[in-house]
Amino acid sequence: QTANIKLTLPWLAQGSTAYAYIAKEMGAFTRRGLNVEVSRGFGSVAAAQAVAQGQFDYAIVGAGPVILAAARGLPIVGTATVNYDMTMGIALREDSPIRTAKDLEGKKLGAVPTSAEFPFWPAFAQRAGINMAGITVVQMDNRVLERGLIDRQVDAITAIGSSSIPVMQAQRAAHRFIPYSSAGVNFYANVICTRPEVLAARKSQAEAVTEALLEAAALQLKEPERAIDMFIKQVPEIGITQGGRENARLSQGLMQWTMLAPEAMDHGLGYTDMAKWNAMTDLVMQYGAPNDARRPAPESLISNDFAGKIKLNASEWGTIRTNLAPFGAMLG
Amino acid sequence: MSDMALPATPNQPRLSLAGHWVSQILLPVAFAAVVLGLWEGLVRWYQVPEVILPPPSVIGARIVSAWPFLLQHSLPTAIEATVGFLIAAAFGIVLSVVLVYSRWAYVALYPNVVFFQLIPKIALAPLFIVWLGIGSSSRLAFSVFIAFFPVVISTLTGLNSTPPDMLRLCKALTAKSWQVFLSVRFPYALPHIFSGLKVAVTFAIIGVIVGEFITAQAGLGYLVLFASSQAETPLILAAIAMLCVVGLVLYGIVAGAERLILKRYGH
Amino acid sequence: MSDMALPATPNQPRLSLAGHWVSQILLPVAFAAVVLGLWEGLVRWYQVPEVILPPPSVIGARIVSAWPFLLQHSLPTAIEATVGFLIAAAFGIVLSVVLVYSRWAYVALYPNVVFFQLIPKIALAPLFIVWLGIGSSSRLAFSVFIAFFPVVISTLTGLNSTPPDMLRLCKALTAKSWQVFLSVRFPYALPHIFSGLKVAVTFAIIGVIVGEFITAQAGLGYLVLFASSQAETPLILAAIAMLCVVGLVLYGIVAGAERLILKRYGH
Amino acid sequence: MISLRGVRKTYASPAGPVEAVAGVSFDIKEGEFVSILGPSGCGKSTLLMMLAGLEHASAGTIEVAGEPLTGPRRDAGLVFQDATLLPWLSARDNVLFPIKMMRLEREKYVARAEELLRSVGLGDFMDKRPRELSGGMRQRVALCRSLIHEPSIMLMDEPFSALDAITRDEMALVLLDLWARHRKTGVFITHSIREAVLLSDRVLVMTRRPAVVVADVAIPFARPRDESIQDTPEFNAIVAQLRGMIEHSIKAAA
Amino acid sequence: MISLRGVRKTYASPAGPVEAVAGVSFDIKEGEFVSILGPSGCGKSTLLMMLAGLEHASAGTIEVAGEPLTGPRRDAGLVFQDATLLPWLSARDNVLFPIKMMRLEREKYVARAEELLRSVGLGDFMDKRPRELSGGMRQRVALCRSLIHEPSIMLMDEPFSALDAITRDEMALVLLDLWARHRKTGVFITHSIREAVLLSDRVLVMTRRPAVVVADVAIPFARPRDESIQDTPEFNAIVAQLRGMIEHSIKAAA
Ligand SMILES: Nc1ncnc2c1ncn2[C@@H]1O[C@H](COP(=O)(O)OP(=O)(O)OP(=O)(O)O)[C@@H](O)[C@H]1O
Ligand SMILES: Nc1ncnc2c1ncn2[C@@H]1O[C@H](COP(=O)(O)OP(=O)(O)OP(=O)(O)O)[C@@H](O)[C@H]1O
Ligand SMILES: [Mg+2]
Ligand SMILES: [Mg+2]
C-alpha cells in the first residue's frame, strides 16, 4: 500500500528545488510506494518550524534554519544534503561602483529579514572586515527586492543567488554577485529533513524519500533540459509566465553549480561533511540564534546513513561541469 | 461650481436629474475608458518598462493568453472566500442572537467585539499560519476572523432596531421568545444584516488573498505572488483584474440576495 | 435565553437596564481577563512551545523588556498612519465636494469610486513599492489609497443629506453656493464625515502596516516581520499589541474630535 | 370592570428615579369608552401599559373583574401611534398576526379578519402590503388587528396622532363605527379634545408628570353618534369646558 | 397683489410626466391671509414653491405687483412643516440666519430678532439650541426667522402638522397674534379645516392631483380674533360647509 506523505519546500517552486517535482513526474516516489504531496513553502525558517510541528512529514530547507530550529529545541533532523551552497551573497548592479565587500560601507543595503541569508549578514560583514556602522539596512519584501536594486532604490541587496539572479536576468538587468562564501561564510543549501520521531518510527520510509529525491537530482544533473520540461509539467504556472522557463533553467543551473563539491563528487549525492556542519553550527550559534538557544550536536542532527548511494562517474561530472560553467560565472 | 441644485430625495442627488440610464451607465464607463486610454498613451509615450507599468492593452492580452489558467486559479480563491464568508456570516449572526438575548453576554462581550473591529487584524495573518498550518484551514480561519466582526456589529444593530411598540405588542400577546425572534426581530434586522454581509464579503476576499500571499499553492493571491517572484508585472495585474472580477461577482451575489430577500420582506 | 426585554431606546438595548458604568466597564474587562487567564492556563498546562503561542505573561514581560524599542518603532508607524489619514481625509472631502457640486463629475465618477471601494485593494500593495520606491512615500500613498474611499463615500452621503427644505430656504434667500456649503451643507454632513473618518483611520493604519511588511527600516510592521524572521513569537505578539494600542489611540483621537465637533454642531 | 386604586409608577433612570404616575384611582365599566387627555410626557402611555399588564405598578392595585392584574393580558387589543404593522405581511396577515403569536389556529380566524377589514372599507386591500397603503389605511389595519382575537378591552395610545387632520377626522368615524359594532371596553389616549369628546362616554384629564387625574367628565351624547354632533353647541360647550380645565391644570402646575 | 393665471406645473419623473398643478387662477391681495386646503399630494407645496419663485410654472403666469415672477423672491418668508432649524445655532442665530445668507449686516437685525422671539414667548430661550426646545417652540423660532428680513409675504407649508393637537392649537393663536402685529400677506397651507377658518381671510379648496381650485370661501370674522370664535355657531357652520365641499370634491374625483 502507498503511504501519504507531505513535503514542503522552503519557498515557491523554483529550479533550485525542482527535483521534488521531478521525482513525482518521473515516478520515483510511486515506485517506492510513496504518495507525496509537494507544497510550496513560505520561508526556510517557517518551513523548518512547520515540519517540526508536524504540519509536514518532510521538508527541504537550508542547513542554517535546520540548525537554528534545533537550537531552539524544536524536534528536527536531517537525512541528506542535496546542495552545498546557499549561494548567499550580495547582489549588485553591474555598473555599481562597489567592487569589493569593503565598498559597501556607507551604502544602502536591501534585505528580506525572513530569508535565510539575512541573519548571516553580520557574520559576512565581520569576516570581510566591513564596518557596519555606516550601512543602512532596508527591510524589503521578496516581491520588491530585486526591483529595488534595479531601480537604484538601494545600492546592494543581500540575496540568495539562485533566487535573485534569475529575476534580474529576466529583467535584462546585468548584475554582479559577491558570495558570502568569499569570506568563508558558507551554508549548505537544501537539506532533506524530518522529525526525529518519524526517522525512528519509519526509517525505511525516510530512506525511500531521500533516495527518490536524490535520484531526481541526478536526473536533473544529467538531463537539465528534460528536467525543466518535467518540472513545468508538474508546475504549469512556470510555463505560463513569460520568463518562467528561463527563470527555472537559471535557478536550476545556479543551484547545481554548488553540487560540484567534493562531498557529492567523491562520496555520492546527499553526502554531508560533518566538519563543515560543525562550522555551520558555530556560525548559527554565534550570529543567528537567540540567547536562550542550545548548541545542537551535529551528529544528532544529520548523518550519512542514507547518503552516497547514487554516484556519478568522472566523465559525467566532466560534462556537467562544462554545462554549468556559465552559472558559476554568474555567482561571481 | 454649478448652481446649487435641489435633490429630489436627499440620498440620491440629481441622479434623477441626470436623466436616463444611458448617462448613468455610459458616463462612468466612458470615464473609465478615458482613464485607461490615458494610461495606455502615457506609458507608451514615456516608454515606461513593462515590469514597472504595462499598458492596459498588454494586460488585456495577458488576460486573454492566460485565461484558462486565470480561471483555474480563480476557483480556489472564490471557493475559500465564499466558505469563509458563509462561516463568518453564520457565526456572526449566531453570536449576535446570543448577545441580544443575554444581557450579561452583551455587556461583557460587546465592547470586546468593538475593540476587535478597530484593531488592524491584518498583522495577525502570519500567526494564523503558525497556529493552523499552511492548509486552507488557516486561510479560511483568517478570512472568517476578519469578516466576522462587521456581521456581528450590524446584526446587533439590526436586532435592536425592532420598533419597541412591536415588541410590546408581542409581549401582550404572550408570544414566545423564539416566535418573536423568527417572526419579528430577525426579519426587521434583515436590512442591517445585509449591510454587514456586504462588508463581510469584501473582507472575506481580502482575508483569503492575504492568506494566499503567505501560504497558498493555488489561487489568485498565489498567482500574484508567483508572478511577482518572476517580476512579471502584466501577469500580476491580470491576476489582480481577475481578483476584482471575483470580488465583484461575490459582492453581486450578496447584493442580489439582499434585493430578493428585502423585496420579500418589504422594506 | 432570558426573557424578552423591552429596550427603552431601540439602539441601546438594555444597557440602561444593565445599570451602572461599573458593570459596563468592569464586565467586559473581566471577560477579557478571563480569556487571557484561560490562555495562560491552557498554554502552560499543555506546554505549548513559546514559538507557537507564548502565554500572555511572557508577552507582557516582552513588552516591558522591549519597551523603549517598541516605543521607538511605534513612532514611524503612528506618524505615517496619521499623515496618510490626513491626506486621505483632505482628498476625500475635496473630491466629494467637487462631486456634489458638479453633476457630470458625479455621474461619471461615483460608480467608479464604489467599484474601487469593493475591490480588494490590498493586492496592489507591492506595485506601490515598484512605482514609488521603498521610501515612506510609497507606504503613505498606499495608506492614502485604501483610506480614501470610505471618506468619499460617507462625505457624499453626508453632503446629500441636508434637508431639502433647508436648501429651498437658502435658495429663496438667494444665498451663494459657498455660503450654503459653509453654513449648511458641510455642518450637516459632519456626522457622516466623521463616521467615514473613523473607518479611514483604521484603514490608514492597515495600509501603513501592509506597506511596512513589504518594505521598511523601522515601524511596528517591520518589527513584526523582523521578529518572524527570528521566530520570536513573543516579540511578534508584543509588537502586535503595540499596534493595537497605536490603532486605538489614533481612533480615539478621531472619535474625540468627533465628539467635540458634533457637540459644537449640536447633532 | 377595571379598578385602579392608588396606582403609582416610578422608573429608574440614570439620572435618578422618575415618577411617571403619582397615585391614580378610577374605574372603567364593562363596555365603557374612556378617553384620557393630558400633556406630553405626563404618563399616559405608562398608564396604558400598566392596564395591559406590560408594566407593573410601583404601588397601588389594578383589578380586572375583581382579580388583580399580574402579567400581560391576552384579552387586550393594543393600538399604537404608528401602526406598527409588519412591512412584509399583507393587510390580512397583519390582522392575523396576533393569532400566530398566540399560537391559535389560523383557519378559524381568516374569515373574521376579512370581515373586519371589509368593515373598515379595506375589502379591496387585503392582499396589499403596508407600504402600498396610506397612513389612514394602515391605522385601520391596526384597529382590525387589535380586534381579531376578540379581546374584551381595546387599549389605544394616540392611534391617530401621526395622521393628517382630514384623515384623522375620518378615522374617528371609522372607530366610532367599529365600536358601535363590537362594543368592547375602550381606553383611548389622545391630545385632541374634540376627538375625545366625539368618541367617549367619559373623558379623564391628567396633569403634568407625575400624573394625577384632575377631572372626570361624562359625555352625555346618545349612541350611535355621528360627526354631526360636532357642530352642536353642547359639543362645543364640553370642548370649551375641557380646554379650560387643561389650561388651568397646566398653569397650576407651572 | 399677487395674480396667478392659468398656472400649471408638470414634473418630469422616471415614470413619465406628473401633472401636479393643472391650471390655477386666483389673486391674493396685499395684507390678506389666505389658507389653502386640499388632500395629500394634490400639489399644494408645489404651488407654494412657485409663489416663492423656487419652481417655474410650466404654463401660465404669476405676477407680483404687476411684475412677472422669474426667480426666488427675497421678500418672502418661508415656514415648513419641520422647523428646519440649524441644530448647531441658538434660537437667536437661527432667527438671524436669513440675514447671514442675504449678506446683510447682522448688527442691524439682532434687536429685531430678540424682539420677535420675545413676542412669541421665547424671551428666556434665545440662547438655547433647537434640541433644547419643544416642537412648538422650534416652530415659533421658524416663524420668527421667516419675519426677520421684513418680507412682504409669508409662505407657510403646513407649519403645524408635526405638532400634537394641544400645541397645535396654541400655535394657531401665536400665529394669529404675530399676524395681527405684522400684517404681512400670508399664504398658509394646512389639512385642518378649523385652523384654516380660524386664521384666514379666505380659504381656497383644492382637488386631488392635478390640482385645481374648486372653492374660494371668504371668512367673515372680524380681526383681531381669538380662540373663542371657534365655539360660535357661525364658525362651526363654515367648518361644516368646507368639510362638505372637500368630501364632495374627493368623491367627485374618485
Ligand atoms: N422605560 C422608561 N424608563 C425611564 N423613564 C421612562 C420610561 N418610559 C417612560 N419614562 C418617562 O416617564 C414619563 C411618562 O412617559 P409616558 O410615555 O408615559 O408619557 P405620555 O403621557 O405617554 O407622553 P406622550 O404624550 O409624549 O406620549 C416621561 O417623562 C418619560 O420620559
Ligand atoms: N421634484 C418632483 N419631481 C417629481 N414629482 C414631484 C416632485 N415634487 C412633487 N412631485 C409630485 O407632485 C405631486 C404634488 O406634490 P406636492 O408636494 O406639491 O403635494 P402636497 O399637496 O404638498 O402634498 P402634501 O399634503 O402631502 O404635502 C405629488 O404627486 C408629488 O409626488
Ligand atoms: Mg405616550
Ligand atoms: Mg406638501
# chains A, B, ... in the order shown; residues from 1 in each chain; ligands from 1
>>> residues_near_ligand(ligand="ligand 4", cutoff="7 Å", atoms="only C-alpha atoms and all ligand atoms", output="PyMOL selection string")
chain E and resi 41+43-45+157
>>> write_last_selection(atoms="N, CA and C atoms", output="PDB file, in the first residue's frame")
ATOM      1  N   GLY E  41     -50.762  65.307  -1.319  1.00  0.00           N
ATOM      2  CA  GLY E  41     -50.153  65.077  -2.634  1.00  0.00           C
ATOM      3  C   GLY E  41     -50.868  65.773  -3.763  1.00  0.00           C
ATOM      4  N   GLY E  43     -50.654  68.899  -4.677  1.00  0.00           N
ATOM      5  CA  GLY E  43     -49.894  69.936  -5.359  1.00  0.00           C
ATOM      6  C   GLY E  43     -49.826  71.245  -4.595  1.00  0.00           C
ATOM      7  N   LYS E  44     -50.182  71.235  -3.324  1.00  0.00           N
ATOM      8  CA  LYS E  44     -50.171  72.465  -2.536  1.00  0.00           C
ATOM      9  C   LYS E  44     -48.748  72.998  -2.355  1.00  0.00           C
ATOM     10  N   SER E  45     -47.843  72.074  -1.996  1.00  0.00           N
ATOM     11  CA  SER E  45     -46.465  72.527  -1.780  1.00  0.00           C
ATOM     12  C   SER E  45     -45.876  73.064  -3.077  1.00  0.00           C
ATOM     13  N   ASP E 157     -45.949  76.254   4.735  1.00  0.00           N
ATOM     14  CA  ASP E 157     -46.367  74.953   4.225  1.00  0.00           C
ATOM     15  C   ASP E 157     -46.626  73.993   5.383  1.00  0.00           C
TER      16      ASP E 157
END
>>> residues_near_ligand(ligand="ligand 2", cutoff="10 Å", atoms="only C-alpha atoms and all ligand atoms", output="ChimeraX atom specification")
/B:6-9,16-17 /D:164 /E:9-21,36-50,55,81,157-158,161,189-191,206-211
>>> write_last_selection(atoms="N, CA and C atoms", output="CSV table (one decimal), in the first residue's frame")
chain,number,residue,atom,x,y,z
B,6,LEU,N,-31.5,71.3,-6.1
B,6,LEU,CA,-32.2,70.7,-5.0
B,6,LEU,C,-32.5,69.3,-5.3
B,7,PRO,N,-31.9,68.4,-4.6
B,7,PRO,CA,-32.1,67.0,-4.8
B,7,PRO,C,-33.6,66.6,-4.5
B,8,ALA,N,-34.1,65.7,-5.3
B,8,ALA,CA,-35.5,65.3,-5.1
B,8,ALA,C,-35.6,64.5,-3.8
B,9,THR,N,-34.7,63.5,-3.7
B,9,THR,CA,-34.6,62.7,-2.4
B,9,THR,C,-33.2,63.0,-1.9
B,16,SER,N,-31.7,61.5,-10.6
B,16,SER,CA,-32.9,61.7,-11.4
B,16,SER,C,-32.8,62.8,-12.4
B,17,LEU,N,-32.1,63.9,-12.0
B,17,LEU,CA,-32.0,65.0,-12.9
B,17,LEU,C,-31.1,64.5,-14.1
D,164,ASP,N,-52.8,63.1,9.1
D,164,ASP,CA,-53.2,64.5,8.9
D,164,ASP,C,-54.6,64.7,9.3
E,9,LYS,N,-48.2,73.0,-13.5
E,9,LYS,CA,-46.8,72.5,-13.2
E,9,LYS,C,-46.8,71.0,-13.5
E,10,THR,N,-45.9,70.7,-14.4
E,10,THR,CA,-45.7,69.3,-14.7
E,10,THR,C,-44.3,68.9,-14.4
E,11,TYR,N,-44.2,67.8,-13.5
E,11,TYR,CA,-42.8,67.3,-13.2
E,11,TYR,C,-42.4,66.2,-14.2
E,12,ALA,N,-41.2,66.2,-14.5
E,12,ALA,CA,-40.7,65.0,-15.2
E,12,ALA,C,-40.3,64.0,-14.2
E,13,SER,N,-40.7,62.8,-14.3
E,13,SER,CA,-40.3,61.7,-13.4
E,13,SER,C,-39.9,60.5,-14.2
E,14,PRO,N,-39.2,59.6,-13.6
E,14,PRO,CA,-38.8,58.4,-14.4
E,14,PRO,C,-40.0,57.7,-15.0
E,15,ALA,N,-41.1,57.7,-14.3
E,15,ALA,CA,-42.3,57.0,-14.8
E,15,ALA,C,-43.1,57.9,-15.8
E,16,GLY,N,-42.5,59.0,-16.2
E,16,GLY,CA,-43.3,59.8,-17.1
E,16,GLY,C,-43.6,61.1,-16.5
E,17,PRO,N,-44.2,62.1,-17.2
E,17,PRO,CA,-44.6,63.4,-16.6
E,17,PRO,C,-45.7,63.3,-15.5
E,18,VAL,N,-45.5,64.0,-14.4
E,18,VAL,CA,-46.6,64.0,-13.4
E,18,VAL,C,-47.1,65.4,-13.4
E,19,GLU,N,-48.4,65.5,-13.7
E,19,GLU,CA,-49.1,66.9,-13.6
E,19,GLU,C,-49.5,67.1,-12.2
E,20,ALA,N,-48.8,68.1,-11.6
E,20,ALA,CA,-49.1,68.3,-10.1
E,20,ALA,C,-50.1,69.4,-10.0
E,21,VAL,N,-50.0,70.5,-10.8
E,21,VAL,CA,-51.0,71.6,-10.7
E,21,VAL,C,-51.5,71.8,-12.1
E,36,ILE,N,-54.9,77.5,2.1
E,36,ILE,CA,-55.2,76.5,1.1
E,36,ILE,C,-55.4,75.1,1.7
E,37,LEU,N,-56.5,74.5,1.4
E,37,LEU,CA,-56.9,73.2,1.9
E,37,LEU,C,-56.9,72.3,0.7
E,38,GLY,N,-56.4,71.0,1.0
E,38,GLY,CA,-56.5,70.1,-0.1
E,38,GLY,C,-55.9,68.8,0.3
E,39,PRO,N,-56.3,67.7,-0.3
E,39,PRO,CA,-55.8,66.4,0.1
E,39,PRO,C,-54.3,66.2,-0.1
E,40,SER,N,-53.8,65.2,0.5
E,40,SER,CA,-52.4,64.9,0.4
E,40,SER,C,-51.9,64.7,-1.0
E,41,GLY,N,-50.8,65.3,-1.3
E,41,GLY,CA,-50.2,65.1,-2.6
E,41,GLY,C,-50.9,65.8,-3.8
E,42,CYS,N,-51.7,66.8,-3.4
E,42,CYS,CA,-52.5,67.3,-4.5
E,42,CYS,C,-51.8,68.5,-5.2
E,43,GLY,N,-50.7,68.9,-4.7
E,43,GLY,CA,-49.9,69.9,-5.4
E,43,GLY,C,-49.8,71.2,-4.6
E,44,LYS,N,-50.2,71.2,-3.3
E,44,LYS,CA,-50.2,72.5,-2.5
E,44,LYS,C,-48.7,73.0,-2.4
E,45,SER,N,-47.8,72.1,-2.0
E,45,SER,CA,-46.5,72.5,-1.8
E,45,SER,C,-45.9,73.1,-3.1
E,46,THR,N,-46.2,72.4,-4.2
E,46,THR,CA,-45.7,72.8,-5.5
E,46,THR,C,-46.2,74.3,-5.7
E,47,LEU,N,-47.4,74.5,-5.4
E,47,LEU,CA,-48.0,75.9,-5.7
E,47,LEU,C,-47.2,76.9,-4.8
E,48,LEU,N,-46.9,76.5,-3.6
E,48,LEU,CA,-46.2,77.4,-2.7
E,48,LEU,C,-44.8,77.7,-3.2
E,49,MET,N,-44.2,76.7,-3.7
E,49,MET,CA,-42.8,76.8,-4.2
E,49,MET,C,-42.8,77.8,-5.4
E,50,MET,N,-43.9,77.7,-6.2
E,50,MET,CA,-44.0,78.6,-7.4
E,50,MET,C,-44.2,80.0,-6.9
E,55,GLU,N,-39.8,77.3,-8.0
E,55,GLU,CA,-40.1,76.5,-9.1
E,55,GLU,C,-40.7,77.3,-10.2
E,81,GLN,N,-43.0,72.4,7.3
E,81,GLN,CA,-43.6,71.5,8.2
E,81,GLN,C,-42.7,71.2,9.4
E,157,ASP,N,-45.9,76.3,4.7
E,157,ASP,CA,-46.4,75.0,4.2
E,157,ASP,C,-46.6,74.0,5.4
E,158,GLU,N,-47.9,73.9,5.8
E,158,GLU,CA,-48.3,73.0,6.9
E,158,GLU,C,-47.4,73.2,8.1
E,161,SER,N,-48.2,70.9,11.2
E,161,SER,CA,-48.7,69.5,11.0
E,161,SER,C,-47.9,68.5,11.9
E,189,ILE,N,-50.7,76.8,4.1
E,189,ILE,CA,-51.2,75.5,3.7
E,189,ILE,C,-51.5,74.7,4.9
E,190,THR,N,-52.7,74.0,4.9
E,190,THR,CA,-53.0,73.2,6.1
E,190,THR,C,-53.9,72.0,5.6
E,191,HIS,N,-54.0,71.0,6.5
E,191,HIS,CA,-55.0,70.0,6.3
E,191,HIS,C,-56.2,70.2,7.2
E,206,MET,N,-58.6,72.9,-2.8
E,206,MET,CA,-58.1,72.3,-4.0
E,206,MET,C,-58.5,70.9,-4.1
E,207,THR,N,-58.6,70.4,-5.4
E,207,THR,CA,-59.0,69.0,-5.6
E,207,THR,C,-57.7,68.1,-5.5
E,208,ARG,N,-58.0,66.8,-5.7
E,208,ARG,CA,-56.9,65.9,-5.8
E,208,ARG,C,-56.0,66.2,-7.1
E,209,ARG,N,-54.8,65.7,-7.1
E,209,ARG,CA,-53.9,66.0,-8.2
E,209,ARG,C,-54.5,65.5,-9.6
E,210,PRO,N,-54.3,66.2,-10.7
E,210,PRO,CA,-53.8,67.5,-10.8
E,210,PRO,C,-54.7,68.6,-10.2
E,211,ALA,N,-54.1,69.5,-9.4
E,211,ALA,CA,-55.0,70.3,-8.6
E,211,ALA,C,-55.6,71.5,-9.3
>>> residues_around(residues="segment 192-200 of chain D", least_positions_apart="4", cutoff="7 Å", atoms="only C-alpha atoms", output="list in words")
Phe33, Val34, Ser35, Ala172, Leu176, Ile219 and Val239 of chain D; Ala165 and Ile166 of chain E
>>> atom_distance(atom1="atom CA of Leu42 of chain C", atom2="atom CA of Gly60 of chain C")
16.7 Å
>>> closest_residue(among="B:Arg259, B:Arg185, B:His192, B:Lys171", to="chain D", atoms="only C-alpha atoms")
B:Lys171
>>> decode(residues="segment 108-125 of chain D", atoms="N, CA and C atoms", output="PDB file, in the first residue's frame")
ATOM      1  N   LYS D 108     -59.418  29.316  11.734  1.00  0.00           N
ATOM      2  CA  LYS D 108     -60.636  29.748  12.415  1.00  0.00           C
ATOM      3  C   LYS D 108     -60.818  31.255  12.367  1.00  0.00           C
ATOM      4  N   TYR D 109     -59.737  31.979  12.065  1.00  0.00           N
ATOM      5  CA  TYR D 109     -59.823  33.433  12.170  1.00  0.00           C
ATOM      6  C   TYR D 109     -59.750  34.176  10.842  1.00  0.00           C
ATOM      7  N   VAL D 110     -59.470  33.452   9.757  1.00  0.00           N
ATOM      8  CA  VAL D 110     -59.308  34.144   8.486  1.00  0.00           C
ATOM      9  C   VAL D 110     -60.582  34.881   8.089  1.00  0.00           C
ATOM     10  N   ALA D 111     -61.702  34.212   8.230  1.00  0.00           N
ATOM     11  CA  ALA D 111     -62.962  34.835   7.832  1.00  0.00           C
ATOM     12  C   ALA D 111     -63.221  36.095   8.656  1.00  0.00           C
ATOM     13  N   ARG D 112     -62.931  35.995   9.944  1.00  0.00           N
ATOM     14  CA  ARG D 112     -63.142  37.159  10.816  1.00  0.00           C
ATOM     15  C   ARG D 112     -62.228  38.314  10.406  1.00  0.00           C
ATOM     16  N   ALA D 113     -60.981  37.981  10.065  1.00  0.00           N
ATOM     17  CA  ALA D 113     -60.041  39.018   9.647  1.00  0.00           C
ATOM     18  C   ALA D 113     -60.579  39.738   8.409  1.00  0.00           C
ATOM     19  N   GLU D 114     -61.060  38.972   7.462  1.00  0.00           N
ATOM     20  CA  GLU D 114     -61.532  39.590   6.230  1.00  0.00           C
ATOM     21  C   GLU D 114     -62.789  40.412   6.487  1.00  0.00           C
ATOM     22  N   GLU D 115     -63.632  39.898   7.343  1.00  0.00           N
ATOM     23  CA  GLU D 115     -64.844  40.607   7.730  1.00  0.00           C
ATOM     24  C   GLU D 115     -64.481  41.955   8.367  1.00  0.00           C
ATOM     25  N   LEU D 116     -63.506  41.922   9.269  1.00  0.00           N
ATOM     26  CA  LEU D 116     -63.078  43.158   9.928  1.00  0.00           C
ATOM     27  C   LEU D 116     -62.527  44.146   8.902  1.00  0.00           C
ATOM     28  N   LEU D 117     -61.683  43.658   8.011  1.00  0.00           N
ATOM     29  CA  LEU D 117     -61.093  44.554   7.011  1.00  0.00           C
ATOM     30  C   LEU D 117     -62.183  45.155   6.138  1.00  0.00           C
ATOM     31  N   ARG D 118     -63.149  44.329   5.767  1.00  0.00           N
ATOM     32  CA  ARG D 118     -64.243  44.872   4.945  1.00  0.00           C
ATOM     33  C   ARG D 118     -65.003  45.944   5.714  1.00  0.00           C
ATOM     34  N   SER D 119     -65.171  45.702   7.017  1.00  0.00           N
ATOM     35  CA  SER D 119     -65.982  46.657   7.789  1.00  0.00           C
ATOM     36  C   SER D 119     -65.294  48.014   7.908  1.00  0.00           C
ATOM     37  N   VAL D 120     -63.993  48.068   7.726  1.00  0.00           N
ATOM     38  CA  VAL D 120     -63.332  49.384   7.752  1.00  0.00           C
ATOM     39  C   VAL D 120     -63.023  49.866   6.333  1.00  0.00           C
ATOM     40  N   GLY D 121     -63.650  49.241   5.363  1.00  0.00           N
ATOM     41  CA  GLY D 121     -63.509  49.722   3.984  1.00  0.00           C
ATOM     42  C   GLY D 121     -62.241  49.267   3.288  1.00  0.00           C
ATOM     43  N   LEU D 122     -61.635  48.184   3.770  1.00  0.00           N
ATOM     44  CA  LEU D 122     -60.406  47.723   3.135  1.00  0.00           C
ATOM     45  C   LEU D 122     -60.616  46.397   2.393  1.00  0.00           C
ATOM     46  N   GLY D 123     -61.868  46.140   2.015  1.00  0.00           N
ATOM     47  CA  GLY D 123     -62.180  44.888   1.315  1.00  0.00           C
ATOM     48  C   GLY D 123     -61.287  44.645   0.106  1.00  0.00           C
ATOM     49  N   ASP D 124     -60.909  45.710  -0.591  1.00  0.00           N
ATOM     50  CA  ASP D 124     -60.097  45.530  -1.801  1.00  0.00           C
ATOM     51  C   ASP D 124     -58.607  45.583  -1.526  1.00  0.00           C
ATOM     52  N   PHE D 125     -58.214  45.688  -0.279  1.00  0.00           N
ATOM     53  CA  PHE D 125     -56.803  45.915   0.026  1.00  0.00           C
ATOM     54  C   PHE D 125     -56.199  44.816   0.896  1.00  0.00           C
TER      55      PHE D 125
END
